[in-house]
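**Q** Below is the file run20.txt, with compact mmCIF, C-alpha atoms and all ligand atoms.
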```
# COMPACT_ATOMS: atom_id res chain seq x y z
CA MET A 191 122.67 172.59 25.28
CA LYS A 192 119.74 175.00 25.63
CA MET A 193 120.79 178.56 26.53
CA ILE A 194 119.09 180.02 29.58
CA PRO A 195 117.26 183.27 28.72
CA ILE A 196 118.25 186.25 30.84
CA THR A 197 115.57 188.90 31.31
CA ILE A 198 116.47 192.51 31.99
CA GLU A 199 114.62 194.81 34.36
CA LYS A 200 116.28 198.18 34.65
CA SER A 201 116.30 200.12 37.89
CA THR A 202 114.28 203.33 37.84
CA HIS A 203 116.12 204.77 40.85
CA LEU A 204 119.81 205.05 40.02
CA LYS A 205 122.07 205.66 43.02
CA ALA A 206 124.56 208.47 43.33
CA LYS A 207 128.06 207.18 42.51
CA PRO A 208 130.67 207.39 45.26
CA ASP A 209 133.71 209.65 45.10
CA VAL A 210 136.51 207.55 43.57
CA ASN A 211 138.88 208.64 46.33
CA THR A 212 136.74 206.95 48.97
CA LEU A 213 136.23 203.60 47.24
CA GLY A 214 138.43 201.25 49.29
CA PHE A 215 137.19 197.69 48.84
CA GLY A 216 133.64 196.32 48.73
CA LYS A 217 131.81 199.23 50.37
CA TYR A 218 129.54 200.31 47.52
CA PHE A 219 127.25 198.32 45.25
CA THR A 220 125.95 199.20 41.82
CA ASP A 221 122.35 199.59 40.60
CA HIS A 222 121.75 196.03 39.37
CA MET A 223 122.39 192.39 40.23
CA LEU A 224 122.16 189.09 38.38
CA THR A 225 120.03 186.34 39.90
CA ALA A 226 119.00 182.87 38.73
CA LYS A 227 117.31 179.97 40.49
CA PHE A 228 117.77 176.22 40.27
CA THR A 229 115.66 173.35 41.55
CA THR A 230 116.25 169.66 40.90
CA GLN A 231 112.71 169.58 39.40
CA LYS A 232 112.96 172.57 37.05
CA GLY A 233 116.68 173.02 36.36
CA TRP A 234 117.82 176.67 35.96
CA PHE A 235 115.08 179.27 35.57
CA ASP A 236 114.11 182.88 36.28
CA ALA A 237 117.54 184.25 35.27
CA GLY A 238 117.56 188.02 35.12
CA ILE A 239 119.32 191.25 35.67
CA ARG A 240 117.31 193.20 38.17
CA PRO A 241 117.53 196.27 40.38
CA TYR A 242 119.91 195.67 43.32
CA LYS A 243 117.85 195.00 46.43
CA PRO A 244 117.71 192.74 49.51
CA PHE A 245 116.65 189.12 48.97
CA GLU A 246 113.73 187.46 50.56
CA ILE A 247 114.96 184.12 51.85
CA ASP A 248 113.21 181.43 53.94
CA PRO A 249 114.61 181.29 57.51
CA GLY A 250 114.92 177.52 56.99
CA ALA A 251 117.22 177.92 53.96
CA SER A 252 120.18 175.54 54.06
CA VAL A 253 122.76 178.29 53.60
CA LEU A 254 121.67 179.84 56.90
CA HIS A 255 122.16 176.62 58.85
CA TYR A 256 124.74 174.45 57.13
CA GLY A 257 126.70 177.07 55.19
CA GLN A 258 126.26 175.89 51.61
CA ALA A 259 127.82 179.04 50.15
CA LEU A 260 130.47 179.47 47.50
CA PHE A 261 131.71 182.62 45.79
CA GLU A 262 134.09 183.99 43.19
CA GLY A 263 136.07 187.20 42.84
CA MET A 264 136.57 188.75 39.38
CA LYS A 265 137.25 192.17 37.93
CA ALA A 266 136.22 194.37 35.01
CA PHE A 267 138.54 197.18 33.89
CA ARG A 268 137.96 200.40 31.99
CA GLN A 269 140.88 200.61 29.57
CA LYS A 270 142.57 203.79 28.40
CA ASN A 271 140.89 203.54 24.96
CA GLY A 272 137.43 203.22 26.56
CA LYS A 273 137.13 199.44 26.08
CA ILE A 274 135.74 197.43 28.97
CA VAL A 275 137.37 194.07 29.63
CA LEU A 276 136.94 191.14 32.01
CA PHE A 277 140.03 189.36 33.31
CA ARG A 278 139.99 185.57 32.68
CA PRO A 279 136.25 185.08 33.47
CA GLU A 280 136.26 181.46 32.30
CA PHE A 281 138.85 180.66 35.00
CA ASN A 282 136.32 181.76 37.64
CA TRP A 283 133.51 179.79 36.07
CA LYS A 284 135.61 176.60 36.08
CA ARG A 285 136.62 177.17 39.69
CA MET A 286 132.99 177.70 40.69
CA VAL A 287 132.06 174.43 38.97
CA ALA A 288 134.77 172.57 40.91
CA GLY A 289 133.79 174.22 44.21
CA ALA A 290 130.08 173.54 43.65
CA ASP A 291 130.86 169.86 43.15
CA ARG A 292 132.74 169.77 46.49
CA LEU A 293 129.85 171.52 48.27
CA CYS A 294 127.20 169.36 46.54
CA MET A 295 125.58 172.30 44.76
CA GLU A 296 124.53 172.73 41.16
CA ALA A 297 126.84 175.22 39.41
CA PRO A 298 125.43 177.68 36.86
CA PRO A 299 126.11 176.60 33.27
CA GLU A 300 128.87 178.48 31.43
CA ASP A 301 126.52 180.61 29.29
CA LEU A 302 124.49 181.76 32.31
CA PHE A 303 127.63 182.61 34.29
CA LEU A 304 129.56 184.36 31.49
CA ASN A 305 126.72 186.03 29.57
CA GLY A 306 124.88 186.98 32.74
CA ILE A 307 127.97 188.67 34.19
CA LYS A 308 128.82 190.40 30.89
CA GLU A 309 125.28 191.79 30.59
CA LEU A 310 125.32 192.91 34.21
CA VAL A 311 128.64 194.73 33.80
CA LYS A 312 127.35 196.36 30.58
CA ILE A 313 124.24 197.68 32.33
CA ASP A 314 126.30 199.12 35.20
CA LYS A 315 129.31 200.15 33.10
CA ASP A 316 129.16 203.76 34.27
CA TRP A 317 130.19 202.47 37.68
CA ILE A 318 133.56 201.20 36.44
CA PRO A 319 136.19 203.58 37.77
CA GLU A 320 139.21 204.59 35.73
CA GLN A 321 142.69 203.30 36.49
CA PRO A 322 143.73 202.56 39.24
CA GLY A 323 140.16 201.57 40.18
CA SER A 324 138.19 198.63 38.82
CA LEU A 325 134.81 196.95 39.15
CA TYR A 326 134.93 193.95 41.47
CA ILE A 327 132.48 191.20 40.53
CA ARG A 328 131.19 188.82 43.21
CA PRO A 329 129.35 185.78 41.75
CA THR A 330 127.87 183.69 44.56
CA LEU A 331 126.05 180.38 44.90
CA ILE A 332 123.90 179.49 47.92
CA GLY A 333 121.60 176.65 48.99
CA THR A 334 118.10 178.06 49.50
CA GLU A 335 115.92 175.02 50.21
CA ALA A 336 113.98 175.32 53.46
CA PHE A 337 114.80 171.97 55.06
CA LEU A 338 116.63 171.18 58.29
CA GLY A 339 117.83 167.68 57.51
CA VAL A 340 121.53 167.62 56.72
CA ARG A 341 121.76 166.91 53.00
CA PRO A 342 122.52 168.93 49.86
CA SER A 343 120.00 171.67 49.11
CA GLU A 344 117.74 170.90 46.15
CA GLU A 345 117.22 174.61 45.54
CA ILE A 346 120.05 176.94 44.62
CA LEU A 347 120.33 180.67 44.08
CA PHE A 348 123.09 182.03 41.87
CA PHE A 349 123.66 185.76 42.03
CA ALA A 350 126.32 188.29 41.09
CA ILE A 351 126.79 191.78 42.49
CA LEU A 352 129.25 194.51 41.52
CA SER A 353 131.34 196.87 43.60
CA PRO A 354 133.59 199.69 42.35
CA VAL A 355 136.91 199.30 44.19
CA SER A 356 140.40 200.68 44.60
CA SER A 357 142.92 198.85 46.77
CA TYR A 358 142.00 196.01 49.14
CA TYR A 359 144.45 196.80 51.92
CA ALA A 360 144.51 200.01 53.93
CA GLU A 361 148.23 200.13 53.03
CA GLY A 362 147.18 200.75 49.37
CA ALA A 363 149.82 199.34 47.03
CA SER A 364 152.51 199.40 49.75
CA ALA A 365 154.05 196.31 51.29
CA ILE A 366 152.14 194.75 54.20
CA ASN A 367 153.15 192.96 57.38
CA ILE A 368 151.97 189.38 57.80
CA TRP A 369 151.57 187.15 60.85
CA VAL A 370 152.59 183.51 60.36
CA GLU A 371 149.83 181.57 62.12
CA THR A 372 150.89 178.54 64.17
CA GLU A 373 147.79 177.92 66.31
CA TYR A 374 144.71 178.13 64.10
CA LEU A 375 144.46 176.10 60.91
CA ARG A 376 142.78 177.19 57.66
CA ALA A 377 142.49 173.82 55.94
CA ALA A 378 143.39 170.16 56.29
CA PRO A 379 143.81 167.48 53.61
CA GLY A 380 140.40 166.38 52.37
CA GLY A 381 138.75 169.57 53.62
CA LEU A 382 137.49 172.68 51.85
CA GLY A 383 140.81 174.52 51.43
CA ALA A 384 140.81 174.38 47.63
CA THR A 385 137.29 175.81 47.33
CA LYS A 386 136.13 179.39 47.63
CA ALA A 387 133.59 178.37 50.27
CA GLY A 388 132.34 181.10 52.58
CA ALA A 389 133.17 178.70 55.44
CA ASN A 390 136.92 179.08 54.78
CA TYR A 391 136.65 182.80 55.32
CA ALA A 392 134.48 182.45 58.44
CA SER A 393 137.08 180.13 59.96
CA SER A 394 139.89 182.61 59.19
CA LEU A 395 138.34 185.57 61.02
CA LYS A 396 139.57 184.80 64.54
CA ALA A 397 143.22 184.45 63.54
CA ALA A 398 142.99 187.57 61.34
CA LEU A 399 141.49 189.57 64.21
CA GLU A 400 144.22 188.48 66.62
CA ALA A 401 146.90 189.27 64.02
CA LYS A 402 145.40 192.71 63.45
CA LYS A 403 145.59 193.46 67.18
CA LYS A 404 149.33 192.73 66.97
CA GLY A 405 149.64 195.13 64.00
CA TYR A 406 149.60 192.62 61.12
CA ALA A 407 147.38 193.11 58.07
CA GLN A 408 146.85 189.41 57.32
CA VAL A 409 147.71 185.85 58.33
CA LEU A 410 149.98 183.46 56.46
CA TRP A 411 148.52 179.99 56.90
CA LEU A 412 150.66 176.91 57.38
CA ASP A 413 149.55 173.35 56.69
CA TYR A 414 148.34 170.91 59.37
CA SER A 415 151.95 170.00 60.26
CA ARG A 416 152.63 173.75 60.81
CA GLU A 417 155.72 173.29 58.65
CA HIS A 418 154.71 174.17 55.10
CA ILE A 419 153.47 177.47 53.76
CA GLU A 420 149.99 177.48 52.22
CA GLU A 421 148.39 180.89 51.46
CA VAL A 422 147.25 184.12 53.02
CA GLY A 423 143.50 183.55 52.61
CA THR A 424 142.99 186.76 50.65
CA MET A 425 145.91 185.92 48.37
CA ASN A 426 148.40 183.26 47.23
CA VAL A 427 152.07 183.81 48.03
CA PHE A 428 155.35 183.80 46.08
CA PHE A 429 158.89 183.81 47.51
CA VAL A 430 161.77 185.05 45.37
CA PHE A 431 165.00 183.21 46.21
CA GLU A 432 168.39 183.76 44.58
CA ASN A 433 167.99 180.78 42.22
CA GLU A 434 164.26 180.20 41.97
CA ILE A 435 160.85 181.73 42.57
CA VAL A 436 158.62 179.44 44.61
CA THR A 437 154.88 179.33 45.17
CA PRO A 438 153.29 176.52 47.19
CA SER A 439 151.95 173.71 45.00
CA LEU A 440 148.20 173.08 44.85
CA ASP A 441 147.87 169.98 47.01
CA GLY A 442 144.15 170.29 47.75
CA THR A 443 144.36 172.67 50.71
CA ILE A 444 145.21 175.88 48.83
CA LEU A 445 142.95 177.98 46.65
CA SER A 446 143.96 177.99 42.99
CA GLY A 447 144.06 181.74 42.37
CA GLY A 448 143.54 183.25 38.91
CA VAL A 449 146.23 185.85 39.49
CA ARG A 450 148.52 183.11 40.91
CA ARG A 451 148.08 181.17 37.64
CA SER A 452 148.65 184.32 35.58
CA VAL A 453 151.85 185.22 37.46
CA ILE A 454 153.20 181.69 36.93
CA ASP A 455 152.43 181.98 33.19
CA LEU A 456 154.02 185.42 33.04
CA LEU A 457 157.21 184.30 34.81
CA LYS A 458 157.45 181.30 32.46
CA SER A 459 157.04 183.62 29.44
CA TRP A 460 159.97 185.65 30.84
CA ASN A 461 162.03 182.44 31.18
CA LEU A 462 162.34 182.94 34.93
CA PRO A 463 162.69 179.85 37.16
CA ILE A 464 159.21 179.59 38.72
CA VAL A 465 158.62 176.40 40.70
CA GLU A 466 155.40 175.13 42.30
CA ARG A 467 156.46 172.98 45.24
CA LYS A 468 156.10 172.40 48.96
CA LEU A 469 157.86 175.18 50.84
CA LYS A 470 158.78 175.06 54.52
CA ILE A 471 158.60 178.22 56.60
CA SER A 472 161.99 177.18 58.05
CA GLU A 473 163.44 177.36 54.51
CA VAL A 474 162.24 180.95 54.15
CA ILE A 475 163.79 181.95 57.49
CA ALA A 476 167.08 180.17 56.67
CA ALA A 477 167.23 181.85 53.25
CA LYS A 478 166.64 185.24 54.81
CA ASN A 479 169.48 184.61 57.28
CA LYS A 480 171.80 183.50 54.45
CA GLY A 481 170.85 186.48 52.30
CA THR A 482 169.33 184.38 49.49
CA LEU A 483 165.69 185.47 49.99
CA LYS A 484 165.17 188.51 47.81
CA GLU A 485 161.50 189.38 48.19
CA ALA A 486 158.02 187.95 48.77
CA PHE A 487 154.61 189.00 47.51
CA GLY A 488 150.98 187.96 47.45
CA THR A 489 148.68 187.64 44.43
CA GLY A 490 144.91 187.89 44.24
CA THR A 491 142.02 189.48 42.37
CA ALA A 492 141.39 191.90 45.21
CA ALA A 493 145.02 192.08 46.38
CA VAL A 494 146.53 192.32 42.83
CA ILE A 495 150.29 192.08 43.60
CA THR A 496 150.92 192.98 47.24
CA PRO A 497 154.51 192.97 48.46
CA ILE A 498 155.27 191.55 51.90
CA GLN A 499 157.35 193.79 54.12
CA GLU A 500 157.61 191.70 57.26
CA LEU A 501 156.81 188.14 58.34
CA ALA A 502 156.55 187.40 62.03
CA SER A 503 155.44 184.65 64.36
CA LYS A 504 155.49 183.93 68.09
CA ASP A 505 159.27 183.84 68.41
CA TRP A 506 160.77 185.32 65.25
CA LYS A 507 160.46 188.20 62.80
CA ILE A 508 162.04 188.83 59.38
CA LYS A 509 162.08 192.02 57.35
CA LEU A 510 161.76 191.62 53.60
CA SER A 511 161.50 195.16 52.33
CA ALA A 512 162.05 198.62 53.71
CA ASN A 513 159.44 201.38 54.01
CA GLY A 514 156.62 199.49 52.30
CA GLN A 515 158.46 199.37 48.97
CA LYS A 516 157.83 196.75 46.29
CA GLY A 517 160.73 194.43 45.45
CA GLU A 518 162.17 194.59 41.93
CA LEU A 519 160.32 191.53 40.65
CA SER A 520 157.01 192.39 42.39
CA GLN A 521 157.17 195.78 40.71
CA ARG A 522 157.88 194.26 37.28
CA ILE A 523 155.00 191.77 37.61
CA TYR A 524 152.64 194.46 38.92
CA ASP A 525 153.49 196.80 36.03
CA GLU A 526 152.96 194.06 33.44
CA LEU A 527 149.72 192.70 34.90
CA VAL A 528 148.15 196.09 35.46
CA GLY A 529 149.51 197.32 32.10
CA ILE A 530 147.70 194.44 30.36
CA GLN A 531 144.49 194.93 32.37
CA TYR A 532 144.26 198.64 31.52
CA GLY A 533 145.31 198.20 27.88
CA HIS A 534 148.77 199.80 28.02
CA ILE A 535 150.51 196.50 27.22
CA GLU A 536 149.50 193.94 24.60
CA ASP A 537 147.53 190.99 26.01
CA LYS A 538 149.84 188.34 24.51
CA LEU A 539 148.65 185.58 26.85
CA GLY A 540 144.98 186.10 25.90
CA TRP A 541 143.69 186.92 29.39
CA LEU A 542 141.13 189.59 28.57
CA GLN A 543 137.57 189.34 27.23
CA GLU A 544 136.13 192.53 25.81
CA LEU A 545 132.50 193.35 26.47
C1 LIG B 601 139.46 187.91 45.78
O1 LIG B 601 140.62 188.29 45.63
O2 LIG B 601 138.64 187.98 44.87
C2 LIG B 601 139.00 187.36 47.03
O3 LIG B 601 138.03 186.69 47.00
C3 LIG B 601 139.73 187.63 48.28
C4 LIG B 601 138.92 188.24 49.37
C5 LIG B 601 138.41 189.60 49.10
C6 LIG B 601 137.90 187.34 49.93
```
Represent the structure of the file as structure tokens.
Ligand code: COI
**A**
Amino acid sequence: MKMIPITIEKSTHLKAKPDVNTLGFGKYFTDHMLTAKFTTQKGWFDAGIRPYKPFEIDPGASVLHYGQALFEGMKAFRQKNGKIVLFRPEFNWKRMVAGADRLCMEAPPEDLFLNGIKELVKIDKDWIPEQPGSLYIRPTLIGTEAFLGVRPSEEILFFAILSPVSSYYAEGASAINIWVETEYLRAAPGGLGATKAGANYASSLKAALEAKKKGYAQVLWLDYSREHIEEVGTMNVFFVFENEIVTPSLDGTILSGGVRRSVIDLLKSWNLPIVERKLKISEVIAAKNKGTLKEAFGTGTAAVITPIQELASKDWKIKLSANGQKGELSQRIYDELVGIQYGHIEDKLGWLQEL
């Protein structure tokens, strides 16, 4: 297949870089962005790395009316020996392809996605903070055709922007408190739950806001029956029981996270009993009461490994860790994952791609 040429236009006005102690998550953007256009007539064209600036978009564009928007979350790391690496970028490309199919959009071909992002990160490499920071990469796909009939957009814009980040949650790497949501629903069978559609995040805002008012950092979503655990929205979840480690199986309503996949692979390589299956919230509460629930944690590109301190809902509350501490297994996984990402531990599972 023909490779899509990517032009490079360097910015002549480089921005001042933020103080690494103020990074937080997603507040600052680098000097350049990657953009490429698609039309059903022309295919992919006009791919380039350009100075970061606002887009001009037609007010009739389909994304603004019918929400054809899909994104990814990836990271680049500056390793201790100076190498710059991307974490499992092909995983994100494949997930974008699957999501684009569900949203009836054309996905960027692999070479445009991977080479475009690598070139972009190279150009803005001075923005990559040292450990514990990283460069968050946000590839995004939107429908841009100006047309108000409800049908798939015949014009697509693919873009990627970069943001130097530290931790996602205000709690930093400490354990967070999570509200188990029993009123609002994130996804139903046949819906968009397995895609990284912007719509999933829009629909989660109300529940997250209400949880925040009650003092909870995030929401744990249940399935349509309000019985089974799904995910947190910003991360997948794992529960460590006495005899097994369980993460909800991917039944079409849960996002298939790259860090989720990596943690499963890591636990398997350690010969630990990791099981992907349906998990009832009642089972978690019963295990806590019996003393067989050891710890729980979330996994995500932004969230990394985030331990869960407390789970609560309308009429119950369980404590899983004291004083924001990580459980023993969460700590071991965190150390291994982060150790591999920053080059302190050998990448035996082949997760990293060097620039
Ligand atoms: C990620 O972890 O990359 C996410 O997309 C979660 C959130 C910041 C939307």
**Q** Find the residues near ligand LIG 601 (chain B). Use a cut-off of 9 Å, count all atoms listed in the file, and write them as a ChimeraX atom specification.
**A** /A:215-216,261-265,326-328,358,386,388,391,423-425,447-449,489-494
**Q** Using the selection just defined, write its residues with C-alpha atoms as a CSV table (one decimal), in the frame of the given file.
**A**
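Result file is part_16.csv:
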```csv
chain,number,residue,atom,x,y,z
A,215,PHE,CA,137.2,197.7,48.8
A,216,GLY,CA,133.6,196.3,48.7
A,261,PHE,CA,131.7,182.6,45.8
A,262,GLU,CA,134.1,184.0,43.2
A,263,GLY,CA,136.1,187.2,42.8
A,264,MET,CA,136.6,188.8,39.4
A,265,LYS,CA,137.2,192.2,37.9
A,326,TYR,CA,134.9,194.0,41.5
A,327,ILE,CA,132.5,191.2,40.5
A,328,ARG,CA,131.2,188.8,43.2
A,358,TYR,CA,142.0,196.0,49.1
A,386,LYS,CA,136.1,179.4,47.6
A,388,GLY,CA,132.3,181.1,52.6
A,391,TYR,CA,136.6,182.8,55.3
A,423,GLY,CA,143.5,183.6,52.6
A,424,THR,CA,143.0,186.8,50.6
A,425,MET,CA,145.9,185.9,48.4
A,447,GLY,CA,144.1,181.7,42.4
A,448,GLY,CA,143.5,183.2,38.9
A,449,VAL,CA,146.2,185.8,39.5
A,489,THR,CA,148.7,187.6,44.4
A,490,GLY,CA,144.9,187.9,44.2
A,491,THR,CA,142.0,189.5,42.4
A,492,ALA,CA,141.4,191.9,45.2
A,493,ALA,CA,145.0,192.1,46.4
A,494,VAL,CA,146.5,192.3,42.8
```
**Q** So which residues touch Glu300 of chain A within 10 Å, counting all atoms listed in the file, skipping near sequence neighbours fewer than 4 positions away, as a ChimeraX atom specification?
**A** /A:193,280,283-284,287,304-306
**Q** What does the distance between atom CA of Gly540 of chain A and atom CA of Ser452 of chain A come to in Å, to one decimal place?
**A**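 Computing it gives 10.5 Å between the two atoms.
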**Q** For the atom pair atom CA of Asp455 of chain A and atom CA of Leu302 of chain A, what is the interatomic distance in Å to one decimal place?
**A**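 Taking atom CA of Asp455 of chain A as the start and atom CA of Leu302 of chain A as the end point, the length is 28.0 Å.
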**Q** Skipping near chain neighbours, those fewer than 5 positions away, what residues fall within 10 Å of Tyr359 of chain A using only C-alpha atoms, listed as a list in words?
**A**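 Neighbouring residues, sequence-local ones excluded: Gly214, Phe215, Ser364, Ala365, Ile366, Ala407, Gln408, Ala492, Ala493 and Thr496 of chain A.
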**Q** Please provide as a PyMOL selection string all residues within 10 Å of Trp506 of chain A, with the sequence filter that same-chain residues fewer than 5 positions apart are discarded (counting all atoms listed in the file).
**A** chain A and resi 370+475+501
**Q** Report, in Å to a single decimal, how far apart atom CA of Ser439 of chain A and atom CA of Pro379 of chain A are.
**A**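 These atoms are spaced 13.4 Å apart.
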**Q** Taking 3 positions as the minimum chain separation for residues in the same chain, which residues sit within 10 Å of segment 458-473 of chain A when counting only C-alpha atoms? Answer as a compact mmCIF listing (two decimals) with C-alpha atoms, in the frame of the given file.
**A**
```txt
# COMPACT_ATOMS: atom_id res chain seq x y z
CA VAL A 370 152.59 183.51 60.36
CA LEU A 412 150.66 176.91 57.38
CA ASP A 413 149.55 173.35 56.69
CA ARG A 416 152.63 173.75 60.81
CA GLU A 417 155.72 173.29 58.65
CA HIS A 418 154.71 174.17 55.10
CA ILE A 419 153.47 177.47 53.76
CA GLU A 420 149.99 177.48 52.22
CA PHE A 428 155.35 183.80 46.08
CA PHE A 429 158.89 183.81 47.51
CA VAL A 430 161.77 185.05 45.37
CA PHE A 431 165.00 183.21 46.21
CA ASN A 433 167.99 180.78 42.22
CA GLU A 434 164.26 180.20 41.97
CA ILE A 435 160.85 181.73 42.57
CA VAL A 436 158.62 179.44 44.61
CA THR A 437 154.88 179.33 45.17
CA PRO A 438 153.29 176.52 47.19
CA SER A 439 151.95 173.71 45.00
CA LEU A 440 148.20 173.08 44.85
CA ASP A 441 147.87 169.98 47.01
CA SER A 452 148.65 184.32 35.58
CA VAL A 453 151.85 185.22 37.46
CA ILE A 454 153.20 181.69 36.93
CA ASP A 455 152.43 181.98 33.19
CA ALA A 476 167.08 180.17 56.67
CA ALA A 477 167.23 181.85 53.25
CA LYS A 478 166.64 185.24 54.81
CA ASN A 479 169.48 184.61 57.28
CA LEU A 483 165.69 185.47 49.99
CA LYS A 538 149.84 188.34 24.51
CA LEU A 539 148.65 185.58 26.85
```
**Q** Find the residue from A:Gln499, A:Ser520, A:Ser356, A:Thr202 that sits nearest to Pro319 of chain A; use all atoms listed in the file when measuring.
**A**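 Of A:Gln499, A:Ser520, A:Ser356, A:Thr202, the one nearest Pro319 of chain A is A:Ser356, counting all atoms listed in the file.
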**Q** For a quick check of your reading of the model, name the residues lying within 10 Å of the coordinate (152.6, 196.4, 41.7), counting only C-alpha atoms, and write them as JSON, numbers by chain.
**A** {"A": [363, 364, 365, 487, 489, 493, 494, 495, 496, 497, 515, 516, 517, 518, 519, 520, 521, 522, 523, 524, 525, 526, 527, 528]}
**Q** Which of these, A:Leu331, A:Ala237, A:Ile351, A:Ala398, has the shortest distance to Glu373 of chain A once you count only C-alpha atoms?
**A**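 Between A:Leu331, A:Ala237, A:Ile351, A:Ala398, the residue approaching Glu373 of chain A most closely is A:Ala398.
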**Q** Pick out the residues sitting within 7 Å of Tyr242 of chain A, and hand them over as a list of chain:residue names; count all atoms listed in the file, and ignore anything fewer than 6 positions along from it in its own chain.
**A**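 In the requested format, the answer is A:Asp221, A:His222, A:Met223.
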**Q** Go through A:Ala290, A:Ile444, A:Val427, A:Val422 one by one, measure the shortest atom-to-atom distance of each to Ala378 of chain A using all atoms listed in the file, and give the residue with the smallest value.
**A**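 Ranked by minimum distance to Ala378 of chain A, first place goes to A:Ile444.
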**Q** Identify the residues around (110.7, 176.2, 56.0) within a radius of 9 Å, measuring from only C-alpha atoms in the coordinates stated by the file, and give them as a PDB file with C-alpha atoms, keeping the file's coordinate frame.
**A**
```pdb
ATOM      1  CA  ASP A 248     113.210 181.430  53.940  1.00  0.00           C
ATOM      2  CA  PRO A 249     114.610 181.290  57.510  1.00  0.00           C
ATOM      3  CA  GLY A 250     114.920 177.520  56.990  1.00  0.00           C
ATOM      4  CA  ALA A 251     117.220 177.920  53.960  1.00  0.00           C
ATOM      5  CA  GLU A 335     115.920 175.020  50.210  1.00  0.00           C
ATOM      6  CA  ALA A 336     113.980 175.320  53.460  1.00  0.00           C
ATOM      7  CA  PHE A 337     114.800 171.970  55.060  1.00  0.00           C
ATOM      8  CA  LEU A 338     116.630 171.180  58.290  1.00  0.00           C
TER       9      LEU A 338
END
```
**Q** Point out the residue among A:Met295, A:Ala266, A:Ala377, A:Thr334 with the least atom-to-atom distance to Arg278 of chain A, counting only C-alpha atoms.
**A**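 Looking at the shortest contact to Arg278 of chain A, the residue is A:Ala266.
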**Q** From the set A:Val340, A:Ile239, A:Ala297, A:Ile498, which residue has the shortest atom-to-atom contact distance to Glu361 of chain A, counting only C-alpha atoms?
**A**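 Selected residue with least distance to Glu361 of chain A: A:Ile498.
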**Q** Would you mind telling me which residue in A:Lys192, A:Lys273, A:Arg268, A:Arg376 lies nearest to Ser324 of chain A when using all atoms listed in the file?
**A**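 Among the listed residues, the smallest separation from Ser324 of chain A belongs to A:Arg268.
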**Q** Could you model N, CA and C atoms for segment 401-413 of chain A and present them as a compact mmCIF listing (two decimals), in the coordinates of the input?
**A**
```txt
# COMPACT_ATOMS: atom_id res chain seq x y z
N ALA A 401 145.71 188.74 64.71
CA ALA A 401 146.90 189.27 64.02
C ALA A 401 146.80 190.80 63.91
N LYS A 402 145.61 191.26 63.61
CA LYS A 402 145.40 192.71 63.45
C LYS A 402 145.72 193.44 64.76
N LYS A 403 145.31 192.84 65.88
CA LYS A 403 145.59 193.46 67.18
C LYS A 403 147.09 193.58 67.40
N LYS A 404 147.86 192.67 66.81
CA LYS A 404 149.33 192.73 66.97
C LYS A 404 149.95 193.63 65.90
N GLY A 405 149.12 194.20 65.01
CA GLY A 405 149.64 195.13 64.00
C GLY A 405 149.93 194.49 62.65
N TYR A 406 149.35 193.29 62.40
CA TYR A 406 149.60 192.62 61.12
C TYR A 406 148.34 192.64 60.26
N ALA A 407 148.53 192.91 58.97
CA ALA A 407 147.38 193.11 58.07
C ALA A 407 146.67 191.80 57.76
N GLN A 408 147.42 190.70 57.73
CA GLN A 408 146.85 189.41 57.32
C GLN A 408 147.61 188.28 57.99
N VAL A 409 147.12 187.07 57.75
CA VAL A 409 147.71 185.85 58.33
C VAL A 409 148.27 184.99 57.21
N LEU A 410 149.47 184.47 57.39
CA LEU A 410 149.98 183.46 56.46
C LEU A 410 149.69 182.10 57.10
N TRP A 411 148.92 181.30 56.37
CA TRP A 411 148.52 179.99 56.90
C TRP A 411 149.57 178.95 56.60
N LEU A 412 149.79 178.07 57.59
CA LEU A 412 150.66 176.91 57.38
C LEU A 412 149.77 175.67 57.26
N ASP A 413 150.36 174.57 56.82
CA ASP A 413 149.55 173.35 56.69
C ASP A 413 149.36 172.69 58.06
```
